[in-house]
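query39.tsv, holding TSV, C-alpha atoms:
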```
chain	number	residue	atom	x	y	z
A	1	MET	CA	0.00	0.00	0.00
A	2	LYS	CA	2.82	2.38	0.89
A	3	LYS	CA	4.48	1.64	-2.43
A	4	ILE	CA	1.26	2.41	-4.29
A	5	LEU	CA	0.82	5.69	-2.40
A	6	LEU	CA	4.44	6.59	-3.04
A	7	SER	CA	4.07	5.82	-6.74
A	8	LEU	CA	0.93	7.96	-6.92
A	9	LEU	CA	2.72	10.80	-5.16
A	10	VAL	CA	5.67	10.63	-7.55
A	11	LEU	CA	3.31	10.53	-10.54
A	12	SER	CA	1.40	13.53	-9.19
A	13	LEU	CA	4.61	15.49	-8.72
A	14	LEU	CA	5.79	14.62	-12.22
A	15	LEU	CA	2.49	15.73	-13.70
A	16	THR	CA	2.62	18.97	-11.72
A	17	PHE	CA	6.15	19.75	-12.84
A	18	SER	CA	5.20	18.85	-16.42
A	19	ILE	CA	2.23	21.20	-16.37
A	20	LEU	CA	4.28	24.00	-14.83
A	21	ALA	CA	7.04	23.55	-17.38
A	22	TYR	CA	4.55	23.32	-20.24
A	23	GLY	CA	2.73	26.44	-19.12
A	24	ALA	CA	5.95	28.40	-18.92
A	25	TYR	CA	6.18	28.99	-22.67
A	26	PRO	CA	8.04	30.98	-23.70
A	27	GLU	CA	11.08	30.50	-21.50
A	28	LYS	CA	13.88	31.66	-23.79
A	29	PRO	CA	14.43	34.05	-26.73
A	30	ILE	CA	12.50	33.25	-29.90
A	31	LYS	CA	14.23	33.31	-33.28
A	32	VAL	CA	12.43	35.14	-36.10
A	33	ILE	CA	13.59	34.07	-39.55
A	34	VAL	CA	13.51	36.70	-42.32
A	35	ALA	CA	14.13	35.25	-45.77
A	36	PHE	CA	15.43	38.52	-47.22
A	37	SER	CA	18.32	40.91	-46.71
A	38	PRO	CA	18.54	43.50	-43.92
A	39	GLY	CA	16.99	46.83	-44.84
A	40	GLY	CA	14.25	45.45	-47.08
A	41	GLY	CA	10.51	45.68	-46.51
A	42	THR	CA	10.14	42.33	-44.77
A	43	ASP	CA	13.16	42.93	-42.54
A	44	THR	CA	11.90	46.38	-41.54
A	45	ALA	CA	8.42	45.05	-40.79
A	46	ALA	CA	9.84	42.18	-38.74
A	47	ARG	CA	12.08	44.39	-36.64
A	48	THR	CA	9.28	46.87	-36.02
A	49	VAL	CA	6.65	44.27	-35.09
A	50	PHE	CA	8.86	42.30	-32.74
A	51	LYS	CA	10.37	45.36	-31.11
A	52	PHE	CA	6.85	46.22	-30.00
A	53	ALA	CA	6.12	42.58	-29.21
A	54	GLU	CA	8.75	42.64	-26.48
A	55	LYS	CA	6.51	45.03	-24.53
A	56	TYR	CA	4.09	42.15	-24.06
A	57	SER	CA	6.47	39.19	-23.94
A	58	PRO	CA	8.59	37.77	-21.12
A	59	VAL	CA	11.31	36.91	-23.65
A	60	SER	CA	13.10	38.74	-26.46
A	61	PHE	CA	12.99	38.10	-30.20
A	62	VAL	CA	16.09	37.67	-32.34
A	63	ILE	CA	15.79	38.58	-36.03
A	64	ILE	CA	17.87	36.25	-38.22
A	65	ASN	CA	18.25	37.08	-41.91
A	66	LYS	CA	18.62	34.14	-44.28
A	67	PRO	CA	18.41	35.66	-47.77
A	68	GLY	CA	18.90	33.86	-51.05
A	69	ALA	CA	17.02	32.29	-53.97
A	70	ALA	CA	14.19	34.83	-53.78
A	71	GLY	CA	13.37	33.81	-50.22
A	72	GLU	CA	13.52	30.06	-50.78
A	73	ILE	CA	16.51	29.54	-48.47
A	74	GLY	CA	14.85	31.26	-45.53
A	75	PHE	CA	11.43	29.68	-46.13
A	76	THR	CA	13.03	26.22	-46.27
A	77	TYR	CA	14.98	26.87	-43.07
A	78	LEU	CA	11.82	27.93	-41.27
A	79	ALA	CA	9.74	25.00	-42.56
A	80	LYS	CA	12.37	22.46	-41.53
A	81	SER	CA	13.15	23.95	-38.11
A	82	LYS	CA	12.25	22.11	-34.92
A	83	PRO	CA	8.56	22.75	-34.10
A	84	ASP	CA	9.22	23.74	-30.50
A	85	GLY	CA	7.82	27.27	-30.62
A	86	TYR	CA	11.24	28.91	-30.48
A	87	THR	CA	11.72	29.37	-34.23
A	88	ILE	CA	9.12	31.37	-36.11
A	89	GLY	CA	9.47	33.57	-39.17
A	90	PHE	CA	7.97	35.69	-41.87
A	91	ILE	CA	6.41	34.18	-44.96
A	92	ASN	CA	5.70	36.28	-48.03
A	93	PRO	CA	2.71	35.11	-50.05
A	94	PRO	CA	2.42	34.79	-52.96
A	95	THR	CA	6.21	34.33	-53.30
A	96	THR	CA	6.35	31.65	-50.61
A	97	LEU	CA	3.66	29.66	-52.44
A	98	ILE	CA	5.02	30.14	-55.95
A	99	HIS	CA	8.35	28.35	-55.37
A	100	PRO	CA	6.96	24.85	-54.70
A	101	ILE	CA	4.31	25.22	-57.40
A	102	LEU	CA	6.81	26.05	-60.14
A	103	ARG	CA	9.59	23.71	-58.99
A	104	PRO	CA	8.02	20.89	-56.99
A	105	ASP	CA	11.00	18.59	-57.56
A	106	LYS	CA	13.54	21.14	-56.36
A	107	VAL	CA	11.91	23.09	-53.55
A	108	LYS	CA	12.10	21.30	-50.21
A	109	TYR	CA	9.06	22.76	-48.49
A	110	ARG	CA	5.30	22.93	-49.07
A	111	LEU	CA	2.54	25.11	-47.70
A	112	GLU	CA	1.59	22.22	-45.42
A	113	ASP	CA	4.98	22.51	-43.67
A	114	PHE	CA	3.99	25.87	-42.15
A	115	GLN	CA	1.69	26.65	-39.26
A	116	PRO	CA	0.24	30.11	-40.01
A	117	ILE	CA	0.14	32.38	-36.97
A	118	ALA	CA	-1.06	35.78	-38.21
A	119	ASN	CA	-0.89	38.02	-41.25
A	120	ILE	CA	0.42	41.52	-40.69
A	121	VAL	CA	0.88	43.41	-43.97
A	122	ASN	CA	-0.94	43.55	-47.30
A	123	ASP	CA	1.42	45.59	-49.47
A	124	PRO	CA	0.54	46.76	-53.02
A	125	GLY	CA	3.13	46.35	-55.76
A	126	THR	CA	4.50	49.26	-57.77
A	127	ILE	CA	6.21	50.10	-61.02
A	128	ALA	CA	8.67	52.91	-60.27
A	129	VAL	CA	11.52	54.85	-61.86
A	130	ASN	CA	14.24	57.23	-60.80
A	131	ALA	CA	12.79	60.73	-60.36
A	132	ASN	CA	15.08	61.88	-63.21
A	133	SER	CA	13.72	59.26	-65.63
A	134	LYS	CA	12.24	60.31	-68.94
A	135	PHE	CA	9.26	58.06	-68.25
A	136	LYS	CA	6.36	59.89	-66.65
A	137	THR	CA	3.61	57.23	-66.88
A	138	MET	CA	3.33	53.48	-66.72
A	139	LYS	CA	1.83	53.43	-70.20
A	140	GLU	CA	4.98	55.07	-71.59
A	141	VAL	CA	7.10	52.31	-70.06
A	142	MET	CA	4.90	49.51	-71.38
A	143	GLU	CA	4.70	51.01	-74.87
A	144	TYR	CA	8.49	51.36	-74.90
A	145	ILE	CA	9.12	47.69	-74.10
A	146	ALA	CA	6.65	46.70	-76.80
A	147	LYS	CA	8.71	48.57	-79.40
A	148	ASN	CA	12.10	47.84	-77.80
A	149	PRO	CA	12.07	44.32	-76.33
A	150	ASN	CA	14.78	43.50	-73.76
A	151	LYS	CA	16.18	47.05	-73.88
A	152	LEU	CA	14.72	48.48	-70.70
A	153	SER	CA	16.26	47.00	-67.54
A	154	ILE	CA	14.09	46.35	-64.52
A	155	ALA	CA	15.11	45.40	-60.98
A	156	TYR	CA	12.98	42.67	-59.43
A	157	GLY	CA	13.12	39.95	-56.79
A	158	GLY	CA	14.12	37.15	-59.13
A	159	PRO	CA	12.40	34.12	-60.67
A	160	GLY	CA	9.59	32.62	-58.68
A	161	THR	CA	8.63	35.81	-56.85
A	162	SER	CA	5.39	37.77	-56.90
A	163	GLU	CA	7.24	40.41	-58.92
A	164	ALA	CA	8.14	37.82	-61.54
A	165	LEU	CA	4.52	36.69	-61.78
A	166	ALA	CA	3.28	40.28	-62.15
A	167	LEU	CA	5.95	41.06	-64.76
A	168	GLU	CA	5.00	38.01	-66.79
A	169	GLN	CA	1.37	39.14	-66.89
A	170	LEU	CA	2.27	42.77	-67.65
A	171	GLU	CA	4.63	41.79	-70.47
A	172	LYS	CA	1.99	39.58	-72.01
A	173	LEU	CA	-0.56	42.39	-71.99
A	174	ALA	CA	1.97	44.92	-73.33
A	175	GLY	CA	3.35	42.64	-76.01
A	176	GLY	CA	6.94	43.33	-74.97
A	177	THR	CA	9.70	42.29	-72.59
A	178	PHE	CA	11.94	43.88	-69.99
A	179	ARG	CA	15.59	43.01	-69.42
A	180	LYS	CA	15.14	41.57	-65.98
A	181	ILE	CA	17.86	42.06	-63.34
A	182	PRO	CA	17.32	39.98	-60.16
A	183	PHE	CA	18.27	41.38	-56.75
A	184	GLU	CA	18.38	39.72	-53.34
A	185	GLY	CA	16.42	42.26	-51.39
A	186	THR	CA	14.97	45.72	-51.92
A	187	ALA	CA	17.88	47.78	-50.58
A	188	PRO	CA	20.37	46.83	-53.34
A	189	ALA	CA	17.64	47.19	-55.97
A	190	VAL	CA	16.84	50.72	-54.77
A	191	ALA	CA	20.55	51.57	-54.82
A	192	ALA	CA	20.78	50.33	-58.41
A	193	LEU	CA	17.77	52.41	-59.46
A	194	LEU	CA	19.06	55.56	-57.77
A	195	GLY	CA	22.52	54.97	-59.20
A	196	GLY	CA	21.20	54.67	-62.75
A	197	HIS	CA	22.22	51.02	-63.09
A	198	VAL	CA	18.65	49.92	-63.88
A	199	ASP	CA	15.88	51.84	-65.61
A	200	VAL	CA	12.80	50.61	-63.75
A	201	MET	CA	11.98	48.83	-60.52
A	202	ILE	CA	9.09	46.63	-59.48
A	203	SER	CA	8.61	46.23	-55.73
A	204	ASN	CA	6.09	46.91	-52.99
A	205	ILE	CA	5.12	50.44	-52.05
A	206	SER	CA	6.25	50.22	-48.43
A	207	GLU	CA	9.75	49.25	-49.54
A	208	ILE	CA	10.31	52.50	-51.44
A	209	TYR	CA	8.12	54.84	-49.44
A	210	ASN	CA	10.95	56.91	-47.95
A	211	GLN	CA	12.60	57.47	-51.35
A	212	VAL	CA	9.23	58.44	-52.83
A	213	GLN	CA	8.69	60.93	-50.00
A	214	ASP	CA	12.18	62.34	-50.56
A	215	GLY	CA	11.44	62.87	-54.24
A	216	LYS	CA	14.10	60.40	-55.40
A	217	ILE	CA	11.75	57.80	-56.87
A	218	ARG	CA	8.63	58.30	-58.99
A	219	VAL	CA	5.83	55.73	-58.75
A	220	LEU	CA	4.08	55.14	-62.09
A	221	GLY	CA	1.51	52.51	-61.13
A	222	VAL	CA	0.24	50.50	-58.16
A	223	GLY	CA	-0.86	46.87	-58.23
A	224	SER	CA	-3.79	47.18	-55.82
A	225	SER	CA	-7.42	46.99	-56.92
A	226	LYS	CA	-7.91	50.63	-55.85
A	227	ARG	CA	-5.64	53.67	-55.62
A	228	ILE	CA	-3.82	54.02	-52.32
A	229	SER	CA	-3.93	57.06	-50.06
A	230	TRP	CA	-0.22	57.88	-49.83
A	231	VAL	CA	0.15	58.18	-53.64
A	232	PRO	CA	-3.43	59.15	-54.57
A	233	ASP	CA	-2.49	60.58	-57.97
A	234	VAL	CA	-0.87	57.33	-59.14
A	235	PRO	CA	-3.18	55.08	-61.17
A	236	THR	CA	-3.60	51.37	-60.59
A	237	TYR	CA	-2.17	48.99	-63.18
A	238	LYS	CA	-5.73	48.42	-64.38
A	239	GLU	CA	-6.39	52.15	-64.74
A	240	ALA	CA	-3.19	52.40	-66.79
A	241	GLY	CA	-4.60	49.76	-69.14
A	242	TYR	CA	-3.16	46.55	-67.67
A	243	ASP	CA	-5.59	44.40	-65.70
A	244	VAL	CA	-3.12	42.86	-63.26
A	245	ILE	CA	-3.24	42.69	-59.46
A	246	GLN	CA	0.07	42.66	-57.56
A	247	VAL	CA	-0.01	42.62	-53.79
A	248	ALA	CA	2.32	40.99	-51.29
A	249	LEU	CA	1.40	39.77	-47.85
A	250	ARG	CA	3.76	39.47	-44.92
A	251	GLY	CA	2.77	37.24	-42.08
A	252	VAL	CA	4.19	35.11	-39.32
A	253	ALA	CA	4.31	31.32	-39.38
A	254	ALA	CA	6.01	28.52	-37.49
A	255	PRO	CA	7.06	25.02	-38.49
A	256	ARG	CA	4.03	22.73	-38.56
A	257	GLY	CA	3.75	20.83	-35.30
A	258	ILE	CA	3.87	23.51	-32.61
A	259	THR	CA	1.23	23.16	-29.93
A	260	GLU	CA	-2.20	24.78	-29.98
A	261	GLU	CA	-1.24	26.73	-26.86
A	262	GLN	CA	1.85	28.10	-28.57
A	263	ILE	CA	-0.19	29.10	-31.62
A	264	LYS	CA	-2.68	30.96	-29.42
A	265	TRP	CA	0.07	32.69	-27.45
A	266	LEU	CA	1.90	33.89	-30.56
A	267	GLU	CA	-1.32	34.92	-32.30
A	268	GLY	CA	-2.43	36.81	-29.21
A	269	LEU	CA	0.94	38.53	-28.93
A	270	ILE	CA	0.75	39.84	-32.49
A	271	LYS	CA	-2.84	40.96	-31.90
A	272	LYS	CA	-1.63	42.96	-28.88
A	273	VAL	CA	0.97	44.63	-31.10
A	274	PHE	CA	-1.76	45.55	-33.58
A	275	ASN	CA	-3.83	47.13	-30.84
A	276	ASP	CA	-0.86	49.12	-29.56
A	277	GLU	CA	-1.46	52.81	-30.33
A	278	GLU	CA	2.26	53.51	-30.55
A	279	PHE	CA	2.68	50.68	-33.06
A	280	GLN	CA	-0.22	51.99	-35.14
A	281	LYS	CA	1.41	55.40	-35.19
A	282	LYS	CA	4.79	53.93	-36.18
A	283	ALA	CA	3.21	51.79	-38.91
A	284	LYS	CA	1.49	54.87	-40.31
A	285	GLU	CA	4.79	56.76	-40.36
A	286	MET	CA	6.41	53.83	-42.19
A	287	GLN	CA	3.35	53.48	-44.45
A	288	LEU	CA	3.03	49.79	-43.56
A	289	PRO	CA	-0.33	48.76	-45.05
A	290	LEU	CA	-1.63	46.63	-42.20
A	291	GLN	CA	-4.14	43.81	-42.49
A	292	PHE	CA	-4.52	41.43	-39.55
A	293	MET	CA	-5.65	37.86	-40.02
A	294	GLY	CA	-5.62	35.37	-37.17
A	295	ALA	CA	-4.26	31.85	-37.47
A	296	LYS	CA	-7.39	30.11	-38.79
A	297	GLU	CA	-8.37	32.90	-41.18
A	298	TYR	CA	-4.80	33.21	-42.43
A	299	GLU	CA	-4.52	29.47	-43.05
A	300	GLU	CA	-7.76	29.39	-45.04
A	301	PHE	CA	-6.63	32.42	-47.04
A	302	LEU	CA	-3.31	30.75	-47.88
A	303	LYS	CA	-5.00	27.52	-48.97
A	304	ASP	CA	-7.32	29.46	-51.26
A	305	LEU	CA	-4.48	31.56	-52.68
A	306	ASP	CA	-2.43	28.42	-53.27
A	307	GLN	CA	-5.23	26.87	-55.33
A	308	ARG	CA	-5.70	30.05	-57.38
A	309	LEU	CA	-1.97	30.30	-58.08
A	310	ARG	CA	-1.89	26.69	-59.21
A	311	LYS	CA	-4.61	27.41	-61.75
A	312	ILE	CA	-2.58	30.34	-63.12
A	313	LEU	CA	0.88	28.82	-63.03
A	314	VAL	CA	0.32	25.14	-63.77
A	315	ASN	CA	-2.25	25.57	-66.51
A	316	LYS	CA	-0.71	28.56	-68.28
```

This structure in structure tokens:
Amino acid sequence: MKKILLSLLVLSLLLTFSILAYGAYPEKPIKVIVAFSPGGGTDTAARTVFKFAEKYSPVSFVIINKPGAAGEIGFTYLAKSKPDGYTIGFINPPTTLIHPILRPDKVKYRLEDFQPIANIVNDPGTIAVNANSKFKTMKEVMEYIAKNPNKLSIAYGGPGTSEALALEQLEKLAGGTFRKIPFEGTAPAVAALLGGHVDVMISNISEIYNQVQDGKIRVLGVGSSKRISWVPDVPTYKEAGYDVIQVALRGVAAPRGITEEQIKWLEGLIKKVFNDEEFQKKAKEMQLPLQFMGAKEYEEFLKDLDQRLRKILVNK
């Protein structure tokens, strides 16, 4: 009888310690993987979000940049990391989804390898030029490439990115082609545009906002369905005559397999950041186009987007 009581006591203590340890998440710094270079739009968003997140977290967040292959290196690293709740990262639909669709035999991750946590940004694409460029409208650019194929250089994120998909559709509608120059990250692409090394740039509006405000870059078109408030005089691609939508989302995900409690904690943390008045003010200053989606909504959105992309890319 004493042995049974002792065994029950030991079991009770083990369960108690297990529950206490389990409920202690997080206990140590959490790594945040960014699949692009420092200084770009995703990196800036990540550092801003998780700086504010530390106000509501008992642990710190460490941003780790793993650029390369248009984000594929970082996305793969995140997907294959240990699902213990201490490695999370940014994913960048549609780019994150395009890689495994176009190269299923090469890319080592799938959408199913990620556990969506929350979406943060919905960022319209842009066609932009140096402020000293001779091109004043998007139509002028598109008409030029139709008459002069492969003459006009354009900086973009590389094959398999949302920029590549938008360019393919724009070129088809224009009946011409750009000379495409891939860059690993927005910062070097902006430097190339400002230095006169490329003629045009396709990116997201938040990534070039400061240069637009400083009068160094001129935006010719935006890829959203409607005009956006911080460049209200700039037409959408559709208004310019090219019915193409180009938007990029930035959200947080973890490797598939983290616990439901960890998902809820991380989702709740990001929601707290969104509700932070100081963060809202900072995001407005940075012109981060915010759109929050919780874990379940974000996952359903990604599944739907994945299916739509497959119809475009596989059956083209």

- request: Could you check how far atom CA of A:Ile33 sits from atom CA of A:Asp84, in Å to one decimal?
  value: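 It comes out at 14.4 Å.
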
- request: Can you pull out every residue within 6 Å of stretch 212-220 of chain A, counting only C-alpha atoms, but drop anything in the same chain fewer than 5 positions away, and send it as a PyMOL selection string?
  value: chain A and resi 127-131+137-138

message: Report, in Å to a single decimal, how far apart atom CA of A:Asn92 and atom CA of A:Pro124 are.
response: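 About the pair atom CA of A:Pro124 and atom CA of A:Asn92: they are 12.7 Å apart.
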
field: Nearby residues (all atoms listed in the file) at most 6 Å from stretch 162-177 of chain A, same-chain spacing under 4 positions excluded, as a count of residues only
entry: 7

- request: Could you please determine the separation between atom CA of A:Gln307 and atom CA of A:Arg103 in Å, to one decimal place?
  value: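 Going from atom CA of A:Gln307 over to atom CA of A:Arg103, I get 15.6 Å.
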
Take stretch 229-242 of chain A, model N, CA and C atoms, and hand the result over as a short mmCIF file (atom, residue, chain, number, x, y, z; two decimals), in the coordinates of the input.
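The resulting file, part_35.cif, is reproduced below:
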```cif
data_model
loop_
_atom_site.label_atom_id
_atom_site.label_comp_id
_atom_site.auth_asym_id
_atom_site.auth_seq_id
_atom_site.Cartn_x
_atom_site.Cartn_y
_atom_site.Cartn_z
N SER A 229 -3.84 55.69 -50.58
CA SER A 229 -3.93 57.06 -50.06
C SER A 229 -2.61 57.81 -50.09
N TRP A 230 -1.47 57.12 -49.93
CA TRP A 230 -0.22 57.88 -49.83
C TRP A 230 0.38 58.23 -51.19
N VAL A 231 -0.18 57.68 -52.29
CA VAL A 231 0.15 58.18 -53.64
C VAL A 231 -1.16 58.26 -54.43
N PRO A 232 -2.07 59.13 -54.01
CA PRO A 232 -3.43 59.15 -54.57
C PRO A 232 -3.49 59.51 -56.05
N ASP A 233 -2.47 60.18 -56.56
CA ASP A 233 -2.49 60.58 -57.97
C ASP A 233 -1.94 59.50 -58.90
N VAL A 234 -1.46 58.40 -58.32
CA VAL A 234 -0.87 57.33 -59.14
C VAL A 234 -1.96 56.31 -59.48
N PRO A 235 -2.13 56.02 -60.77
CA PRO A 235 -3.18 55.08 -61.17
C PRO A 235 -2.82 53.64 -60.82
N THR A 236 -3.84 52.81 -60.73
CA THR A 236 -3.60 51.37 -60.59
C THR A 236 -3.12 50.83 -61.94
N TYR A 237 -2.56 49.62 -61.91
CA TYR A 237 -2.17 48.99 -63.18
C TYR A 237 -3.37 48.92 -64.12
N LYS A 238 -4.52 48.56 -63.55
CA LYS A 238 -5.73 48.42 -64.38
C LYS A 238 -6.13 49.74 -64.99
N GLU A 239 -6.04 50.82 -64.21
CA GLU A 239 -6.39 52.15 -64.74
C GLU A 239 -5.42 52.56 -65.84
N ALA A 240 -4.18 52.09 -65.75
CA ALA A 240 -3.19 52.40 -66.79
C ALA A 240 -3.39 51.56 -68.04
N GLY A 241 -4.30 50.58 -67.97
CA GLY A 241 -4.60 49.76 -69.14
C GLY A 241 -4.15 48.32 -69.04
N TYR A 242 -3.70 47.90 -67.82
CA TYR A 242 -3.16 46.55 -67.67
C TYR A 242 -3.82 45.88 -66.47
#
```
